[in-house]
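Structure file coords06.txt (compact mmCIF, C-alpha atoms) is printed below.
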# COMPACT_ATOMS: atom_id res chain seq x y z
CA MET A 1 35.35 170.58 89.33
CA THR A 2 37.23 168.80 92.04
CA ALA A 3 40.71 167.33 91.80
CA GLN A 4 39.19 163.84 91.67
CA ASP A 5 36.97 164.92 88.77
CA ALA A 6 39.97 166.31 86.89
CA MET A 7 41.77 162.93 87.24
CA THR A 8 38.75 160.94 85.97
CA PRO A 9 38.94 160.17 82.24
CA THR A 10 36.01 161.47 80.17
CA SER A 11 36.86 159.87 76.84
CA GLY A 12 34.32 157.10 77.30
CA LYS A 13 36.83 154.49 78.40
CA LYS A 14 35.80 152.22 81.19
CA SER A 15 37.49 152.77 84.52
CA PRO A 16 39.62 149.91 85.82
CA PRO A 17 37.77 147.32 87.89
CA PRO A 18 38.14 147.36 91.68
CA PRO A 19 40.64 145.03 93.34
CA ASP A 20 39.68 141.38 93.32
CA ARG A 21 38.83 140.96 96.98
CA PRO A 22 37.29 137.50 96.59
CA ALA A 23 40.57 136.28 95.03
CA ARG A 24 42.50 137.60 98.01
CA THR A 25 40.07 135.86 100.32
CA ARG A 26 40.63 132.62 98.41
CA ARG A 27 44.39 133.01 98.84
CA LEU A 28 43.97 133.42 102.58
CA PHE A 29 41.42 130.69 103.22
CA GLY A 30 41.76 128.36 100.23
CA PRO A 31 44.19 125.64 99.20
CA ASN A 32 47.25 127.74 100.07
CA LEU A 33 46.20 127.88 103.72
CA LEU A 34 45.68 124.12 103.73
CA SER A 35 49.10 123.39 102.23
CA THR A 36 50.80 125.91 104.51
CA TYR A 37 49.49 124.57 107.81
CA SER A 38 48.55 120.98 107.00
CA LEU A 39 51.69 119.66 108.72
CA VAL A 40 50.77 121.57 111.88
CA GLY A 41 47.38 119.89 111.72
CA VAL A 42 49.03 116.48 111.35
CA LEU A 43 51.13 117.20 114.44
CA VAL A 44 48.05 118.12 116.46
CA VAL A 45 46.14 115.04 115.26
CA LEU A 46 49.05 112.74 116.14
CA PHE A 47 49.43 114.20 119.60
CA VAL A 48 45.71 114.07 120.34
CA GLY A 49 45.36 110.57 118.90
CA PHE A 50 48.20 109.06 120.92
CA SER A 51 47.02 110.96 124.01
CA LEU A 52 43.62 109.32 123.68
CA ALA A 53 45.22 105.93 123.11
CA ARG A 54 47.59 106.27 126.08
CA PRO A 55 46.19 109.03 128.32
CA GLU A 56 48.05 107.76 131.38
CA SER A 57 51.48 108.06 129.73
CA PHE A 58 51.39 110.01 126.46
CA GLY A 59 48.80 112.66 127.25
CA THR A 60 50.72 114.20 130.13
CA VAL A 61 52.73 117.38 130.65
CA ASP A 62 55.80 115.36 131.57
CA ASN A 63 55.60 113.42 128.32
CA PHE A 64 55.12 116.64 126.34
CA ARG A 65 58.27 118.05 127.91
CA ALA A 66 60.10 114.78 127.27
CA VAL A 67 59.19 114.82 123.57
CA LEU A 68 60.37 118.41 123.27
CA ASN A 69 63.68 117.58 124.93
CA ASN A 70 64.28 114.27 123.14
CA GLN A 71 64.04 115.86 119.71
CA VAL A 72 66.48 118.70 120.38
CA THR A 73 69.46 116.89 118.84
CA VAL A 74 67.40 116.07 115.75
CA VAL A 75 66.36 119.72 115.53
CA PHE A 76 69.98 120.86 115.42
CA LEU A 77 70.88 118.26 112.79
CA ALA A 78 67.75 119.02 110.75
CA MET A 79 68.62 122.71 110.71
CA ALA A 80 72.17 121.75 109.72
CA VAL A 81 70.96 119.79 106.68
CA THR A 82 68.31 122.37 105.74
CA LEU A 83 70.74 125.24 105.12
CA PRO A 84 72.73 123.48 102.36
CA LEU A 85 69.48 122.27 100.80
CA VAL A 86 68.36 125.91 100.54
CA VAL A 87 71.37 126.67 98.30
CA GLY A 88 70.85 123.49 96.29
CA GLU A 89 73.50 121.32 97.97
CA PHE A 90 73.69 118.32 100.32
CA ASP A 91 75.65 117.87 103.54
CA LEU A 92 75.91 114.23 104.56
CA SER A 93 78.75 114.88 106.99
CA VAL A 94 76.65 116.57 109.68
CA ALA A 95 76.01 113.35 111.62
CA SER A 96 79.73 112.57 111.78
CA THR A 97 80.50 116.18 112.72
CA PHE A 98 77.87 115.91 115.45
CA GLY A 99 79.45 112.71 116.78
CA LEU A 100 83.01 114.04 116.76
CA SER A 101 81.92 117.27 118.43
CA GLN A 102 80.26 115.33 121.24
CA MET A 103 83.30 113.06 121.58
CA LEU A 104 85.74 115.98 121.72
CA THR A 105 83.69 117.93 124.23
CA VAL A 106 83.32 115.02 126.64
CA GLY A 107 86.72 113.44 125.97
CA LEU A 108 88.75 116.61 126.42
CA VAL A 109 87.03 117.35 129.73
CA LEU A 110 86.94 113.86 131.24
CA GLN A 111 90.14 112.35 129.87
CA HIS A 112 92.46 115.32 129.57
CA GLY A 113 91.18 117.77 132.15
CA VAL A 114 90.66 120.55 129.62
CA PRO A 115 88.42 123.39 130.90
CA VAL A 116 84.84 123.11 129.69
CA VAL A 117 84.88 126.38 127.75
CA ALA A 118 88.10 125.42 125.96
CA ALA A 119 86.73 121.96 125.13
CA ILE A 120 83.56 123.45 123.66
CA ALA A 121 85.58 126.00 121.68
CA ALA A 122 87.75 123.19 120.29
CA ALA A 123 84.69 121.16 119.26
CA LEU A 124 83.08 124.12 117.51
CA ALA A 125 86.34 125.14 115.85
CA MET A 126 86.69 121.60 114.50
CA SER A 127 83.12 121.81 113.18
CA ALA A 128 83.81 125.11 111.43
CA VAL A 129 86.97 123.69 109.81
CA VAL A 130 84.98 120.71 108.51
CA GLY A 131 82.39 123.02 106.99
CA LEU A 132 85.08 125.21 105.46
CA ALA A 133 86.77 122.17 103.92
CA ASN A 134 83.45 120.94 102.51
CA GLY A 135 82.63 124.35 101.07
CA ILE A 136 86.04 124.77 99.43
CA ALA A 137 85.94 121.24 97.98
CA ILE A 138 82.55 122.00 96.41
CA THR A 139 83.12 125.55 95.18
CA ARG A 140 86.83 125.56 94.31
CA PHE A 141 87.41 121.99 93.17
CA GLY A 142 83.98 121.34 91.72
CA ILE A 143 83.35 118.15 93.69
CA ASN A 144 79.71 117.19 93.92
CA SER A 145 78.41 118.04 97.40
CA PHE A 146 76.92 114.57 97.85
CA ILE A 147 80.30 112.92 97.23
CA ALA A 148 82.38 115.52 99.08
CA THR A 149 80.35 115.42 102.27
CA LEU A 150 79.90 111.64 102.16
CA ALA A 151 83.69 111.30 102.02
CA ALA A 152 84.12 113.89 104.78
CA GLY A 153 81.66 112.02 106.97
CA SER A 154 83.58 108.79 106.53
CA ILE A 155 86.84 110.51 107.43
CA LEU A 156 85.30 112.07 110.53
CA THR A 157 83.90 108.73 111.61
CA GLY A 158 87.40 107.30 111.39
CA VAL A 159 88.83 110.21 113.38
CA THR A 160 86.19 109.68 116.07
CA LEU A 161 87.01 105.98 116.30
CA ALA A 162 90.73 106.73 116.47
CA TYR A 163 90.28 109.31 119.22
CA SER A 164 87.98 107.12 121.31
CA LYS A 165 89.68 103.83 120.41
CA GLY A 166 86.23 102.61 119.50
CA GLU A 167 84.97 102.86 123.07
CA SER A 168 82.48 105.07 124.86
CA VAL A 169 83.83 107.90 126.99
CA TYR A 170 82.18 108.32 130.38
CA GLY A 171 82.98 109.17 133.96
CA ALA A 172 82.28 111.72 136.67
CA ALA A 173 81.44 114.71 134.50
CA PRO A 174 81.98 118.04 136.25
CA ALA A 175 79.01 120.25 137.00
CA ALA A 176 80.50 122.95 134.77
CA LEU A 177 79.77 120.63 131.83
CA THR A 178 76.44 119.07 132.81
CA ASP A 179 74.92 122.33 134.03
CA ILE A 180 74.98 123.55 130.45
CA SER A 181 72.16 121.18 129.54
CA ARG A 182 70.60 119.83 132.72
CA GLY A 183 69.19 123.10 134.02
CA GLU A 184 65.77 124.61 133.27
CA LEU A 185 64.39 127.97 132.21
CA LEU A 186 60.69 128.77 132.57
CA GLY A 187 59.97 125.09 133.08
CA LEU A 188 61.79 124.01 129.94
CA LYS A 189 65.04 122.09 129.75
CA LEU A 190 67.93 124.28 128.61
CA PRO A 191 68.51 122.27 125.40
CA VAL A 192 64.94 123.12 124.35
CA VAL A 193 65.68 126.80 125.01
CA TYR A 194 68.90 126.60 122.97
CA ALA A 195 67.05 124.98 120.09
CA ALA A 196 64.25 127.57 120.21
CA VAL A 197 66.69 130.49 120.17
CA THR A 198 68.62 128.90 117.29
CA VAL A 199 65.48 128.31 115.24
CA LEU A 200 64.23 131.86 115.79
CA ALA A 201 67.60 133.33 114.82
CA LEU A 202 67.75 131.22 111.66
CA ALA A 203 64.17 132.13 110.78
CA VAL A 204 64.95 135.84 111.06
CA VAL A 205 68.04 135.44 108.86
CA MET A 206 66.29 133.35 106.23
CA TYR A 207 63.00 135.25 106.06
CA ARG A 208 63.94 138.85 106.88
CA MET A 209 67.55 139.48 105.90
CA PRO A 210 69.29 139.83 102.51
CA LEU A 211 71.53 136.86 103.36
CA GLY A 212 68.55 134.53 103.41
CA ARG A 213 67.06 135.93 100.20
CA ARG A 214 70.39 135.49 98.41
CA MET A 215 70.69 131.92 99.63
CA TYR A 216 67.26 131.14 98.20
CA ALA A 217 68.24 132.88 94.95
CA ILE A 218 71.35 130.67 94.69
CA GLY A 219 69.31 127.55 95.31
CA SER A 220 66.71 128.60 92.74
CA ASN A 221 69.17 129.50 89.97
CA LYS A 222 72.84 129.75 90.83
CA ARG A 223 73.87 131.19 87.47
CA ALA A 224 71.18 133.87 87.53
CA ALA A 225 72.19 134.81 91.07
CA GLU A 226 75.82 135.20 89.98
CA LEU A 227 74.78 137.38 87.04
CA SER A 228 72.89 139.54 89.53
CA GLY A 229 76.10 140.13 91.47
CA VAL A 230 75.69 137.52 94.21
CA PRO A 231 79.02 135.76 95.00
CA ALA A 232 77.49 132.29 95.04
CA GLY A 233 80.70 130.51 95.95
CA SER A 234 81.25 132.58 99.08
CA TYR A 235 77.67 132.09 100.20
CA ILE A 236 77.88 128.34 99.67
CA VAL A 237 81.06 128.14 101.74
CA LEU A 238 79.41 130.20 104.49
CA THR A 239 76.40 127.90 104.36
CA PHE A 240 78.50 124.78 104.87
CA VAL A 241 80.42 126.37 107.73
CA SER A 242 77.11 127.32 109.38
CA SER A 243 75.74 123.83 108.80
CA SER A 244 78.74 122.16 110.43
CA VAL A 245 78.73 124.56 113.38
CA LEU A 246 75.04 123.80 113.99
CA ALA A 247 75.85 120.09 114.00
CA GLY A 248 78.74 120.80 116.38
CA VAL A 249 76.47 122.71 118.75
CA GLY A 250 74.09 119.76 118.77
CA GLY A 251 76.97 117.47 119.71
CA VAL A 252 78.03 119.78 122.54
CA VAL A 253 74.48 119.97 123.89
CA LEU A 254 74.04 116.19 123.86
CA GLY A 255 77.46 115.58 125.42
CA ALA A 256 76.67 118.03 128.21
CA SER A 257 73.25 116.44 128.75
CA ILE A 258 74.47 112.90 129.35
CA GLY A 259 78.05 113.61 130.40
CA ALA A 260 79.29 110.86 128.10
CA ALA A 261 79.89 110.10 124.43
CA THR A 262 79.77 107.08 122.12
CA PRO A 263 81.52 106.84 118.74
CA ASP A 264 78.39 106.21 116.64
CA THR A 265 75.94 108.63 118.24
CA GLY A 266 75.06 110.70 115.20
CA ASN A 267 74.59 107.92 112.64
CA SER A 268 71.05 107.05 113.70
CA LEU A 269 69.98 110.71 113.58
CA LEU A 270 70.82 111.46 109.95
CA ILE A 271 67.68 109.88 108.44
CA PRO A 272 65.26 111.67 110.83
CA ALA A 273 67.11 114.94 110.15
CA PHE A 274 66.72 114.66 106.38
CA ALA A 275 63.13 113.46 106.77
CA GLY A 276 62.42 116.61 108.77
CA ALA A 277 64.06 118.86 106.19
CA PHE A 278 62.24 117.37 103.19
CA LEU A 279 58.91 116.98 104.93
CA GLY A 280 59.23 120.56 106.19
CA ALA A 281 59.49 121.74 102.58
CA THR A 282 55.82 120.82 102.14
CA ALA A 283 54.59 123.25 104.80
CA ILE A 284 54.82 126.85 106.04
CA THR A 285 56.50 127.86 102.74
CA PRO A 286 55.40 124.99 100.52
CA GLY A 287 57.84 124.10 97.77
CA ARG A 288 60.87 125.60 99.52
CA PHE A 289 63.15 124.28 102.25
CA ASN A 290 62.40 126.46 105.25
CA ILE A 291 63.32 126.65 108.91
CA MET A 292 59.89 126.64 110.54
CA GLY A 293 58.62 123.86 108.30
CA THR A 294 61.63 121.75 109.25
CA LEU A 295 60.96 122.35 112.96
CA VAL A 296 57.33 121.26 112.66
CA ALA A 297 58.30 118.20 110.60
CA VAL A 298 60.91 117.08 113.13
CA TYR A 299 58.27 117.02 115.84
CA VAL A 300 55.75 115.29 113.57
CA VAL A 301 58.23 112.44 113.13
CA GLY A 302 59.26 112.58 116.80
CA VAL A 303 55.69 112.46 118.13
CA ALA A 304 54.83 109.61 115.77
CA VAL A 305 57.85 107.56 116.88
CA ALA A 306 57.21 108.27 120.58
CA GLY A 307 53.57 107.30 120.20
CA LEU A 308 54.40 104.08 118.38
CA GLN A 309 56.87 103.18 121.10
CA GLN A 310 54.28 103.72 123.81
CA VAL A 311 51.67 101.57 122.10
CA GLY A 312 54.22 98.76 122.11
CA VAL A 313 55.39 98.26 118.52
CA ALA A 314 58.43 96.09 117.79
CA LEU A 315 61.94 97.56 117.77
CA TRP A 316 62.30 97.21 114.02
CA VAL A 317 59.34 99.51 113.38
CA GLU A 318 61.20 102.75 114.24
CA PRO A 319 63.98 102.49 111.60
CA VAL A 320 61.46 101.31 109.02
CA PHE A 321 59.17 104.21 109.89
CA ASN A 322 62.02 106.74 109.66
CA GLY A 323 63.09 105.40 106.28
CA ALA A 324 59.53 105.42 105.00
CA MET A 325 59.05 108.99 106.22
CA LEU A 326 62.17 110.09 104.34
CA PHE A 327 60.94 108.38 101.18
CA VAL A 328 57.51 109.99 101.47
CA ALA A 329 58.97 113.37 102.45
CA VAL A 330 61.24 113.54 99.40
CA GLY A 331 58.33 112.66 97.13
CA LEU A 332 56.01 115.20 98.72
CA SER A 333 58.60 117.98 98.69
CA SER A 334 59.36 117.36 95.00
CA TRP A 335 55.65 117.44 94.16
CA THR A 336 55.15 120.61 96.20
CA ALA A 337 58.10 122.28 94.48
CA ARG A 338 56.61 121.46 91.07
CA GLN A 339 53.26 122.87 92.14
CA ARG A 340 54.94 126.05 93.36
CA LYS A 341 56.74 126.43 90.05
CA ARG A 342 53.54 125.94 88.10
CA ARG A 343 51.72 128.55 90.18
CA ALA A 344 54.57 131.00 89.62
CA GLU A 345 54.43 130.37 85.87
CA ARG A 346 50.66 130.86 85.79
CA ALA A 347 50.98 134.08 87.78
CA ARG A 348 53.64 135.30 85.35
CA ILE A 349 51.41 134.50 82.38
CA ARG A 350 48.49 136.36 83.97
CA GLU A 351 50.73 139.35 84.62
CA LEU A 352 51.91 139.41 81.00
CA GLU A 353 48.32 139.13 79.72
CA SER A 354 47.23 141.94 82.03
CA ARG A 355 50.03 144.19 80.76
CA ARG A 356 49.12 143.42 77.15
CA GLU A 357 45.47 144.27 77.79
CA GLU A 358 46.49 147.55 79.43
CA SER A 359 48.71 148.46 76.47
CA LEU A 360 45.89 147.70 74.02
CA ALA A 361 43.48 149.79 76.08
Go ahead and render the structure in this file as structure tokens.
Amino acid sequence: MTAQDAMTPTSGKKSPPPPDRPARTRRLFGPNLLSTYSLVGVLVVLFVGFSLARPESFGTVDNFRAVLNNQVTVVFLAMAVTLPLVVGEFDLSVASTFGLSQMLTVGLVLQHGVPVVAAIAAALAMSAVVGLANGIAITRFGINSFIATLAAGSILTGVTLAYSKGESVYGAAPAALTDISRGELLGLKLPVVYAAVTVLALAVVMYRMPLGRRMYAIGSNKRAAELSGVPAGSYIVLTFVSSSVLAGVGGVVLGASIGAATPDTGNSLLIPAFAGAFLGATAITPGRFNIMGTLVAVYVVGVAVAGLQQVGVALWVEPVFNGAMLFVAVGLSSWTARQRKRRAERARIRELESRREESLA
């Protein structure tokens, strides 16, 4: 008798069935695959469609590079709003933080002769302080994040107007400032490289590190996470600081790109940023706010807007389109989250039934 024979039961009981390979195949190539990558498919369809409609202008390498570069600021803001959403909170102050960061970076250099590195450090320090204040207001004083960050955004807008006296700041920007964003690496504009590195770093943190898993646990059930030993308050504060710093980096990058700043720069970017975050929750990891989904969604919206502009739509179409996309994105993300919850519940029920059958056997 071999060892395998000794381990085989002889009491007449049936051996357990083999693994359900067809079910695994369905998971890989069925509805889950469609929901995971459908947004990528939409992006491809949009790009191909507009390229066929305007091959002389849209379907070119230069236009592709332009779309990548034009959406960089939205990418930074979309990442900034995604992180608080992961932990179940909102940050409506990111656009104002973005605008003040750009204004400080350009204003300190052009108007006060501050070295570029010091100006950037001041802008990012301001951003971190804003995030810290938001986080403390939410965790220590129990202020709703929607209200706290809305108020903070209004205050920052006022500070920006006071600093700039309501006027744009422009002039002969030094090369030390503009070289930060006007150079290229491997044929890509430096802002695109910065955004790519940022997205990859965030993806690693959120998908592969305990920090990301704990943030998702807090967003899923804050009380349960606390009972498991996760200091939810500290993580939420850290999340808001990170969110504000990301917005600040976006402001620095834009200020260096154009060598100027206007007081209301970030206001028009808030809706596309939230549209990207919510629409991104329907893809890659459907039902959860996620970094890669947000990135794809930002470029879906960006390609659609760029294509509409090139086919000659009226000026009012872009804000209407952005608002409609946010409306649709919120609805789709809510529906996807419900579907994810239902699948998890069904899987849990199947697991319990399987354990009961094994115990009866």
Residue nearest Val296 (chain A) - candidates A:Gly212, A:Gly248, A:Pro319, A:Gly280, atoms counted: only C-alpha atoms: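 Ranking A:Gly212, A:Gly248, A:Pro319, A:Gly280 by distance to Val296 (chain A), first place goes to A:Gly280.
When only C-alpha atoms are used to compute distances to Tyr299 (chain A), the closest of the residues A:Pro231, A:Pro263, A:Gly323, A:Gly41 turns out to be A:Gly41.
Between CA of Val199 (chain A) and CA of Ser57 (chain A) lies a distance of 28.6 Å.
Proximity of A:Ser359, A:Ser268, A:Gln339, A:Ser228 to Val94 (chain A), computed with all atoms listed in the file, is greatest for A:Ser268.
Shortest separation to Phe327 (chain A) among A:Ala260, A:Leu279, A:Ile136, A:Ala344 occurs at residue A:Leu279, atoms counted being all atoms listed in the file.
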Which one is closest to Ser164 (chain A): A:Leu85, A:Val67, A:Leu100, A:Leu352? Count only C-alpha atoms. A:Leu100
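Distance check against Val75 (chain A) using only C-alpha atoms: of A:Ala337, A:Ala304, A:Leu295, A:Ala277, the minimum falls on A:Leu295.
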Can you list, as a PyMOL selection string, every protein, DNA or RNA residue that comes within 12 Å of Tyr207 (chain A) when you count only C-alpha atoms, leaving out same-chain residues fewer than 4 positions away? chain A and resi 199-203+211-216+284-285+288-292
Residues at most 12 Å from Asp91 (chain A), counting all atoms listed in the file, excluding those fewer than 4 positions away in the same chain, as an MDAnalysis selection string? chainID A and resid 77:87 95:97 130:131 133:135 138 144:153 236:237 239:244 247 270 273:274 277
By how many Å are CA of Val117 (chain A) and CA of Leu177 (chain A) apart? 8.7 Å
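For the atom pair formed by CA of Ala172 (chain A) and CA of Leu110 (chain A), the distance is 7.5 Å, given to one decimal.
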Point (74.7, 123.6, 91.9), cut-off 9 Å, counting all atoms listed in the file, residues as a PDB file with C-alpha atoms, in the frame of the given file:
ATOM      1  CA  VAL A  87      71.370 126.670  98.300  1.00  0.00           C
ATOM      2  CA  GLY A  88      70.850 123.490  96.290  1.00  0.00           C
ATOM      3  CA  GLU A  89      73.500 121.320  97.970  1.00  0.00           C
ATOM      4  CA  ASN A 144      79.710 117.190  93.920  1.00  0.00           C
ATOM      5  CA  SER A 145      78.410 118.040  97.400  1.00  0.00           C
ATOM      6  CA  ILE A 218      71.350 130.670  94.690  1.00  0.00           C
ATOM      7  CA  GLY A 219      69.310 127.550  95.310  1.00  0.00           C
ATOM      8  CA  ASN A 221      69.170 129.500  89.970  1.00  0.00           C
ATOM      9  CA  LYS A 222      72.840 129.750  90.830  1.00  0.00           C
ATOM     10  CA  ARG A 223      73.870 131.190  87.470  1.00  0.00           C
TER      11      ARG A 223
END
Counting all atoms listed in the file, write as a list in words all protein and nucleic acid residues lying at most 7 Å from (64.2, 115.6, 117.7) in the file's frame.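 Residues with an atom at most 7 Å from (64.2, 115.6, 117.7): Asn70, Gln71, Val72, Thr73, Val74, Val75, Val298, Tyr299 and Gly302 of chain A.
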Which residues are near Phe47 (chain A)? Cut-off 12 Å, all atoms listed in the file, ignore same chain within fewer than 3 positions. Put them as a PDB file with C-alpha atoms, keeping the file's coordinate frame.
ATOM      1  CA  VAL A  40      50.770 121.570 111.880  1.00  0.00           C
ATOM      2  CA  GLY A  41      47.380 119.890 111.720  1.00  0.00           C
ATOM      3  CA  VAL A  42      49.030 116.480 111.350  1.00  0.00           C
ATOM      4  CA  LEU A  43      51.130 117.200 114.440  1.00  0.00           C
ATOM      5  CA  VAL A  44      48.050 118.120 116.460  1.00  0.00           C
ATOM      6  CA  PHE A  50      48.200 109.060 120.920  1.00  0.00           C
ATOM      7  CA  SER A  51      47.020 110.960 124.010  1.00  0.00           C
ATOM      8  CA  LEU A  52      43.620 109.320 123.680  1.00  0.00           C
ATOM      9  CA  ALA A  53      45.220 105.930 123.110  1.00  0.00           C
ATOM     10  CA  ARG A  54      47.590 106.270 126.080  1.00  0.00           C
ATOM     11  CA  PRO A  55      46.190 109.030 128.320  1.00  0.00           C
ATOM     12  CA  PHE A  58      51.390 110.010 126.460  1.00  0.00           C
ATOM     13  CA  GLY A  59      48.800 112.660 127.250  1.00  0.00           C
ATOM     14  CA  THR A  60      50.720 114.200 130.130  1.00  0.00           C
ATOM     15  CA  VAL A  61      52.730 117.380 130.650  1.00  0.00           C
ATOM     16  CA  ASN A  63      55.600 113.420 128.320  1.00  0.00           C
ATOM     17  CA  PHE A  64      55.120 116.640 126.340  1.00  0.00           C
ATOM     18  CA  VAL A  67      59.190 114.820 123.570  1.00  0.00           C
ATOM     19  CA  TYR A 299      58.270 117.020 115.840  1.00  0.00           C
ATOM     20  CA  VAL A 300      55.750 115.290 113.570  1.00  0.00           C
ATOM     21  CA  VAL A 301      58.230 112.440 113.130  1.00  0.00           C
ATOM     22  CA  GLY A 302      59.260 112.580 116.800  1.00  0.00           C
ATOM     23  CA  VAL A 303      55.690 112.460 118.130  1.00  0.00           C
ATOM     24  CA  ALA A 304      54.830 109.610 115.770  1.00  0.00           C
ATOM     25  CA  VAL A 305      57.850 107.560 116.880  1.00  0.00           C
ATOM     26  CA  ALA A 306      57.210 108.270 120.580  1.00  0.00           C
ATOM     27  CA  GLY A 307      53.570 107.300 120.200  1.00  0.00           C
ATOM     28  CA  LEU A 308      54.400 104.080 118.380  1.00  0.00           C
TER      29      LEU A 308
END
